[in-house]
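For reference, the structure discussed in these notes is given below.
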Amino acid sequence: MVHDFKTSLDRVVPEEKRLDEYLMKRGWSVTHVRLADQRRGIDRIIEKPNELTTVEYKVDYKAEKTGNAYIEIVSVSRPFKLGWVHTCQADWILYTVISDKSSVIWIRPEVLRAMVREWAGLYRKAKCQNIDYYGEGLLVPLAEIRNIAALKECLDG
């Protein structure tokens with residue numbers, strides 16, 4: 001299956017709105033960021049009184065069915081570009097597993113990066129073919145992702 005980046009972006013827009021609502025229900029104010037920040041792996045700035053933090057949203061439609069999270073290690077094969085696990089500069093990754101009972105997994109990027117070398121020796125890599133390049137990721141069991149999470153919650157309540 002060949003992926004189209006624009007189609008993928010369009011598909012996640014409703015899920016990003018759900019994530020915004022999830023955060024607002026928990027008392028965060030949510031600010032959208034500029035494209036320059038998005039390229040650094042920051043999707044939102046969230047704030048509570050005396051607390052300001054940044055998040056990157058990741059939405060996975062297959063994880064619940066396959067039991068694996070796709071952790072992108074290579075974003076673009078030609079010219080080579082590292083995947084989001086290496087480039088994320090947000091304080092948190094909100095890894096969202098879409099299902100009948102969608103869940104949000106809060107992970108510190110540095111914790112995820114620290115596991116990648118170990119996981120690369122344990123778990124299968126998968127290529128995600130786009131029109132003129134491919135990305136590559138590790139298929140990591142959701143149980144592993146949940147084990148390193150700081151917080152796991154239901155997305156819709």
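Each chain in the structure tokens gets a letter, A, B, ..., in the order shown, and its residues are numbered from 1; ligands are numbered from 1 in order too.
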Step one, run DSSP on the backbone; step two, keep only residues of range 33-146 of chain A assigned to strand (DSSP E); then write them as a PDB file with N, CA, C and O atoms, in the first residue's frame.
ATOM      1  N   ARG A  44       1.428  21.455  19.712  1.00  0.00           N
ATOM      2  CA  ARG A  44       0.645  22.362  20.536  1.00  0.00           C
ATOM      3  C   ARG A  44       1.483  22.833  21.726  1.00  0.00           C
ATOM      4  O   ARG A  44       2.361  22.111  22.213  1.00  0.00           O
ATOM      5  N   ILE A  45       1.134  24.021  22.190  1.00  0.00           N
ATOM      6  CA  ILE A  45       1.602  24.506  23.488  1.00  0.00           C
ATOM      7  C   ILE A  45       0.395  24.402  24.397  1.00  0.00           C
ATOM      8  O   ILE A  45      -0.698  24.878  24.043  1.00  0.00           O
ATOM      9  N   ILE A  46       0.567  23.747  25.537  1.00  0.00           N
ATOM     10  CA  ILE A  46      -0.544  23.609  26.473  1.00  0.00           C
ATOM     11  C   ILE A  46      -0.141  24.254  27.791  1.00  0.00           C
ATOM     12  O   ILE A  46       1.018  24.243  28.182  1.00  0.00           O
ATOM     13  N   GLU A  47      -1.162  24.836  28.451  1.00  0.00           N
ATOM     14  CA  GLU A  47      -0.850  25.637  29.631  1.00  0.00           C
ATOM     15  C   GLU A  47      -1.950  25.512  30.681  1.00  0.00           C
ATOM     16  O   GLU A  47      -3.140  25.473  30.367  1.00  0.00           O
ATOM     17  N   LYS A  48      -1.500  25.425  31.924  1.00  0.00           N
ATOM     18  CA  LYS A  48      -2.337  25.538  33.108  1.00  0.00           C
ATOM     19  C   LYS A  48      -1.683  26.626  33.953  1.00  0.00           C
ATOM     20  O   LYS A  48      -0.544  26.998  33.700  1.00  0.00           O
ATOM     21  N   GLU A  51       2.081  26.366  34.750  1.00  0.00           N
ATOM     22  CA  GLU A  51       2.606  25.204  34.022  1.00  0.00           C
ATOM     23  C   GLU A  51       2.440  25.415  32.524  1.00  0.00           C
ATOM     24  O   GLU A  51       1.338  25.626  32.037  1.00  0.00           O
ATOM     25  N   LEU A  52       3.550  25.357  31.812  1.00  0.00           N
ATOM     26  CA  LEU A  52       3.562  25.496  30.359  1.00  0.00           C
ATOM     27  C   LEU A  52       4.360  24.335  29.797  1.00  0.00           C
ATOM     28  O   LEU A  52       5.461  24.049  30.273  1.00  0.00           O
ATOM     29  N   THR A  53       3.808  23.649  28.806  1.00  0.00           N
ATOM     30  CA  THR A  53       4.514  22.515  28.215  1.00  0.00           C
ATOM     31  C   THR A  53       4.136  22.387  26.748  1.00  0.00           C
ATOM     32  O   THR A  53       3.172  22.985  26.283  1.00  0.00           O
ATOM     33  N   THR A  54       4.909  21.602  26.017  1.00  0.00           N
ATOM     34  CA  THR A  54       4.651  21.386  24.592  1.00  0.00           C
ATOM     35  C   THR A  54       4.390  19.909  24.344  1.00  0.00           C
ATOM     36  O   THR A  54       4.915  19.046  25.047  1.00  0.00           O
ATOM     37  N   VAL A  55       3.549  19.644  23.329  1.00  0.00           N
ATOM     38  CA  VAL A  55       3.211  18.263  23.000  1.00  0.00           C
ATOM     39  C   VAL A  55       3.289  18.046  21.490  1.00  0.00           C
ATOM     40  O   VAL A  55       3.068  18.969  20.707  1.00  0.00           O
ATOM     41  N   GLU A  56       3.612  16.826  21.133  1.00  0.00           N
ATOM     42  CA  GLU A  56       3.495  16.377  19.740  1.00  0.00           C
ATOM     43  C   GLU A  56       2.440  15.290  19.722  1.00  0.00           C
ATOM     44  O   GLU A  56       2.468  14.375  20.553  1.00  0.00           O
ATOM     45  N   TYR A  57       1.506  15.391  18.785  1.00  0.00           N
ATOM     46  CA  TYR A  57       0.454  14.402  18.640  1.00  0.00           C
ATOM     47  C   TYR A  57       0.901  13.311  17.667  1.00  0.00           C
ATOM     48  O   TYR A  57       1.398  13.606  16.586  1.00  0.00           O
ATOM     49  N   LYS A  58       0.691  12.065  18.050  1.00  0.00           N
ATOM     50  CA  LYS A  58       0.877  10.926  17.163  1.00  0.00           C
ATOM     51  C   LYS A  58      -0.399  10.104  17.208  1.00  0.00           C
ATOM     52  O   LYS A  58      -0.891   9.783  18.294  1.00  0.00           O
ATOM     53  N   VAL A  59      -0.940   9.803  16.042  1.00  0.00           N
ATOM     54  CA  VAL A  59      -2.204   9.082  15.938  1.00  0.00           C
ATOM     55  C   VAL A  59      -1.946   7.771  15.200  1.00  0.00           C
ATOM     56  O   VAL A  59      -1.401   7.775  14.105  1.00  0.00           O
ATOM     57  N   ASP A  60      -2.338   6.664  15.820  1.00  0.00           N
ATOM     58  CA  ASP A  60      -2.094   5.338  15.243  1.00  0.00           C
ATOM     59  C   ASP A  60      -3.424   4.609  15.091  1.00  0.00           C
ATOM     60  O   ASP A  60      -4.089   4.300  16.075  1.00  0.00           O
ATOM     61  N   ASN A  68       0.811  -3.475  17.935  1.00  0.00           N
ATOM     62  CA  ASN A  68       2.111  -2.805  17.844  1.00  0.00           C
ATOM     63  C   ASN A  68       1.956  -1.316  17.570  1.00  0.00           C
ATOM     64  O   ASN A  68       1.076  -0.902  16.817  1.00  0.00           O
ATOM     65  N   ALA A  69       2.850  -0.531  18.148  1.00  0.00           N
ATOM     66  CA  ALA A  69       2.960   0.898  17.838  1.00  0.00           C
ATOM     67  C   ALA A  69       4.020   1.050  16.758  1.00  0.00           C
ATOM     68  O   ALA A  69       5.022   0.330  16.749  1.00  0.00           O
ATOM     69  N   TYR A  70       3.794   1.984  15.844  1.00  0.00           N
ATOM     70  CA  TYR A  70       4.773   2.287  14.789  1.00  0.00           C
ATOM     71  C   TYR A  70       5.595   3.472  15.275  1.00  0.00           C
ATOM     72  O   TYR A  70       5.094   4.590  15.391  1.00  0.00           O
ATOM     73  N   ILE A  71       6.867   3.221  15.570  1.00  0.00           N
ATOM     74  CA  ILE A  71       7.781   4.255  16.057  1.00  0.00           C
ATOM     75  C   ILE A  71       8.712   4.612  14.902  1.00  0.00           C
ATOM     76  O   ILE A  71       9.616   3.852  14.557  1.00  0.00           O
ATOM     77  N   GLU A  72       8.473   5.769  14.312  1.00  0.00           N
ATOM     78  CA  GLU A  72       9.186   6.177  13.091  1.00  0.00           C
ATOM     79  C   GLU A  72      10.635   6.527  13.395  1.00  0.00           C
ATOM     80  O   GLU A  72      10.916   7.454  14.139  1.00  0.00           O
ATOM     81  N   ILE A  73      11.557   5.764  12.772  1.00  0.00           N
ATOM     82  CA  ILE A  73      12.981   6.034  12.952  1.00  0.00           C
ATOM     83  C   ILE A  73      13.582   6.740  11.736  1.00  0.00           C
ATOM     84  O   ILE A  73      14.567   7.457  11.863  1.00  0.00           O
ATOM     85  N   VAL A  74      12.983   6.549  10.556  1.00  0.00           N
ATOM     86  CA  VAL A  74      13.372   7.260   9.341  1.00  0.00           C
ATOM     87  C   VAL A  74      12.108   7.861   8.745  1.00  0.00           C
ATOM     88  O   VAL A  74      11.145   7.152   8.494  1.00  0.00           O
ATOM     89  N   SER A  75      12.131   9.171   8.535  1.00  0.00           N
ATOM     90  CA  SER A  75      10.968   9.847   7.978  1.00  0.00           C
ATOM     91  C   SER A  75      10.966   9.784   6.460  1.00  0.00           C
ATOM     92  O   SER A  75       9.957   9.471   5.843  1.00  0.00           O
ATOM     93  N   VAL A  76      12.109  10.096   5.862  1.00  0.00           N
ATOM     94  CA  VAL A  76      12.234  10.135   4.405  1.00  0.00           C
ATOM     95  C   VAL A  76      13.521   9.419   4.023  1.00  0.00           C
ATOM     96  O   VAL A  76      14.590   9.733   4.543  1.00  0.00           O
ATOM     97  N   LYS A  81      16.140  11.627   6.088  1.00  0.00           N
ATOM     98  CA  LYS A  81      15.673  12.477   7.179  1.00  0.00           C
ATOM     99  C   LYS A  81      15.263  11.575   8.336  1.00  0.00           C
ATOM    100  O   LYS A  81      14.501  10.620   8.141  1.00  0.00           O
ATOM    101  N   LEU A  82      15.763  11.881   9.523  1.00  0.00           N
ATOM    102  CA  LEU A  82      15.414  11.099  10.701  1.00  0.00           C
ATOM    103  C   LEU A  82      13.926  11.168  10.996  1.00  0.00           C
ATOM    104  O   LEU A  82      13.260  12.163  10.712  1.00  0.00           O
ATOM    105  N   TRP A  92       6.385  16.398  25.564  1.00  0.00           N
ATOM    106  CA  TRP A  92       5.621  15.149  25.624  1.00  0.00           C
ATOM    107  C   TRP A  92       5.205  14.709  24.225  1.00  0.00           C
ATOM    108  O   TRP A  92       4.880  15.545  23.394  1.00  0.00           O
ATOM    109  N   ILE A  93       5.153  13.413  24.022  1.00  0.00           N
ATOM    110  CA  ILE A  93       4.487  12.821  22.866  1.00  0.00           C
ATOM    111  C   ILE A  93       3.164  12.258  23.390  1.00  0.00           C
ATOM    112  O   ILE A  93       3.155  11.493  24.362  1.00  0.00           O
ATOM    113  N   LEU A  94       2.072  12.647  22.754  1.00  0.00           N
ATOM    114  CA  LEU A  94       0.770  12.067  23.088  1.00  0.00           C
ATOM    115  C   LEU A  94       0.470  11.038  22.010  1.00  0.00           C
ATOM    116  O   LEU A  94      -0.018  11.367  20.933  1.00  0.00           O
ATOM    117  N   TYR A  95       0.812   9.789  22.294  1.00  0.00           N
ATOM    118  CA  TYR A  95       0.632   8.700  21.343  1.00  0.00           C
ATOM    119  C   TYR A  95      -0.785   8.181  21.511  1.00  0.00           C
ATOM    120  O   TYR A  95      -1.158   7.687  22.577  1.00  0.00           O
ATOM    121  N   THR A  96      -1.577   8.330  20.466  1.00  0.00           N
ATOM    122  CA  THR A  96      -3.001   8.039  20.546  1.00  0.00           C
ATOM    123  C   THR A  96      -3.339   6.792  19.747  1.00  0.00           C
ATOM    124  O   THR A  96      -3.065   6.722  18.543  1.00  0.00           O
ATOM    125  N   VAL A  97      -3.909   5.826  20.426  1.00  0.00           N
ATOM    126  CA  VAL A  97      -4.310   4.565  19.812  1.00  0.00           C
ATOM    127  C   VAL A  97      -5.808   4.661  19.536  1.00  0.00           C
ATOM    128  O   VAL A  97      -6.618   4.752  20.460  1.00  0.00           O
ATOM    129  N   SER A 103      -7.248   5.508  23.301  1.00  0.00           N
ATOM    130  CA  SER A 103      -6.468   5.867  24.474  1.00  0.00           C
ATOM    131  C   SER A 103      -5.337   6.824  24.103  1.00  0.00           C
ATOM    132  O   SER A 103      -4.880   6.847  22.965  1.00  0.00           O
ATOM    133  N   VAL A 104      -4.932   7.614  25.095  1.00  0.00           N
ATOM    134  CA  VAL A 104      -3.827   8.550  24.953  1.00  0.00           C
ATOM    135  C   VAL A 104      -2.724   8.099  25.893  1.00  0.00           C
ATOM    136  O   VAL A 104      -2.964   7.887  27.085  1.00  0.00           O
ATOM    137  N   ILE A 105      -1.526   7.950  25.332  1.00  0.00           N
ATOM    138  CA  ILE A 105      -0.373   7.510  26.108  1.00  0.00           C
ATOM    139  C   ILE A 105       0.625   8.664  26.132  1.00  0.00           C
ATOM    140  O   ILE A 105       1.124   9.083  25.087  1.00  0.00           O
ATOM    141  N   TRP A 106       0.896   9.209  27.317  1.00  0.00           N
ATOM    142  CA  TRP A 106       1.832  10.314  27.497  1.00  0.00           C
ATOM    143  C   TRP A 106       3.237   9.743  27.682  1.00  0.00           C
ATOM    144  O   TRP A 106       3.486   8.982  28.632  1.00  0.00           O
ATOM    145  N   ILE A 107       4.140  10.125  26.781  1.00  0.00           N
ATOM    146  CA  ILE A 107       5.512   9.605  26.820  1.00  0.00           C
ATOM    147  C   ILE A 107       6.499  10.765  26.701  1.00  0.00           C
ATOM    148  O   ILE A 107       6.327  11.649  25.856  1.00  0.00           O
ATOM    149  N   LYS A 125      11.351  -4.165  11.895  1.00  0.00           N
ATOM    150  CA  LYS A 125      11.214  -2.867  11.236  1.00  0.00           C
ATOM    151  C   LYS A 125      10.206  -3.013  10.104  1.00  0.00           C
ATOM    152  O   LYS A 125      10.085  -4.080   9.503  1.00  0.00           O
ATOM    153  N   ALA A 126       9.497  -1.926   9.833  1.00  0.00           N
ATOM    154  CA  ALA A 126       8.534  -1.920   8.731  1.00  0.00           C
ATOM    155  C   ALA A 126       8.731  -0.657   7.913  1.00  0.00           C
ATOM    156  O   ALA A 126       8.999   0.413   8.466  1.00  0.00           O
ATOM    157  N   LYS A 127       8.600  -0.807   6.597  1.00  0.00           N
ATOM    158  CA  LYS A 127       8.688   0.345   5.709  1.00  0.00           C
ATOM    159  C   LYS A 127       7.292   0.849   5.400  1.00  0.00           C
ATOM    160  O   LYS A 127       6.365   0.061   5.219  1.00  0.00           O
ATOM    161  N   CYS A 128       7.178   2.155   5.329  1.00  0.00           N
ATOM    162  CA  CYS A 128       5.929   2.811   4.968  1.00  0.00           C
ATOM    163  C   CYS A 128       6.181   3.497   3.630  1.00  0.00           C
ATOM    164  O   CYS A 128       6.847   4.536   3.575  1.00  0.00           O
ATOM    165  N   GLN A 129       5.693   2.899   2.557  1.00  0.00           N
ATOM    166  CA  GLN A 129       5.964   3.391   1.205  1.00  0.00           C
ATOM    167  C   GLN A 129       5.090   4.590   0.867  1.00  0.00           C
ATOM    168  O   GLN A 129       3.882   4.544   0.992  1.00  0.00           O
ATOM    169  N   TYR A 134      10.280   6.252   1.077  1.00  0.00           N
ATOM    170  CA  TYR A 134       9.659   5.450   2.124  1.00  0.00           C
ATOM    171  C   TYR A 134      10.146   5.927   3.491  1.00  0.00           C
ATOM    172  O   TYR A 134      11.221   6.505   3.623  1.00  0.00           O
ATOM    173  N   GLY A 135       9.327   5.707   4.492  1.00  0.00           N
ATOM    174  CA  GLY A 135       9.718   5.896   5.876  1.00  0.00           C
ATOM    175  C   GLY A 135       9.947   4.524   6.483  1.00  0.00           C
ATOM    176  O   GLY A 135       9.605   3.497   5.883  1.00  0.00           O
ATOM    177  N   GLU A 136      10.546   4.500   7.647  1.00  0.00           N
ATOM    178  CA  GLU A 136      10.806   3.227   8.294  1.00  0.00           C
ATOM    179  C   GLU A 136      10.568   3.369   9.794  1.00  0.00           C
ATOM    180  O   GLU A 136      10.910   4.398  10.390  1.00  0.00           O
ATOM    181  N   GLY A 137       9.963   2.353  10.378  1.00  0.00           N
ATOM    182  CA  GLY A 137       9.684   2.404  11.804  1.00  0.00           C
ATOM    183  C   GLY A 137       9.850   1.056  12.462  1.00  0.00           C
ATOM    184  O   GLY A 137       9.911   0.024  11.794  1.00  0.00           O
ATOM    185  N   LEU A 138       9.935   1.095  13.776  1.00  0.00           N
ATOM    186  CA  LEU A 138       9.957  -0.125  14.568  1.00  0.00           C
ATOM    187  C   LEU A 138       8.531  -0.462  14.985  1.00  0.00           C
ATOM    188  O   LEU A 138       7.766   0.434  15.363  1.00  0.00           O
ATOM    189  N   LEU A 139       8.189  -1.730  14.908  1.00  0.00           N
ATOM    190  CA  LEU A 139       6.877  -2.195  15.367  1.00  0.00           C
ATOM    191  C   LEU A 139       7.049  -2.693  16.802  1.00  0.00           C
ATOM    192  O   LEU A 139       7.493  -3.811  17.035  1.00  0.00           O
ATOM    193  N   VAL A 140       6.717  -1.836  17.748  1.00  0.00           N
ATOM    194  CA  VAL A 140       6.950  -2.097  19.163  1.00  0.00           C
ATOM    195  C   VAL A 140       5.629  -2.489  19.821  1.00  0.00           C
ATOM    196  O   VAL A 140       4.620  -1.784  19.663  1.00  0.00           O
ATOM    197  N   PRO A 141       5.605  -3.595  20.549  1.00  0.00           N
ATOM    198  CA  PRO A 141       4.365  -3.989  21.218  1.00  0.00           C
ATOM    199  C   PRO A 141       3.807  -2.851  22.077  1.00  0.00           C
ATOM    200  O   PRO A 141       4.554  -2.160  22.788  1.00  0.00           O
TER     201      PRO A 141
END
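Proximity of A:Gly121, A:Cys154, A:Glu15, A:Ala90 to Gln38 in chain A, computed with only C-alpha atoms, is greatest for A:Ala90.
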Between A:Arg108, A:Arg117, A:Lys65, A:Arg124, which is the closest to Arg146 in chain A once you count only C-alpha atoms? A:Arg108
DSSP says helix (DSSP H, G or I) for which residues of chain A? Put them as an MDAnalysis selection string? chainID A and resid 5:25 35:38 63:66 84:87 109:120 142:147
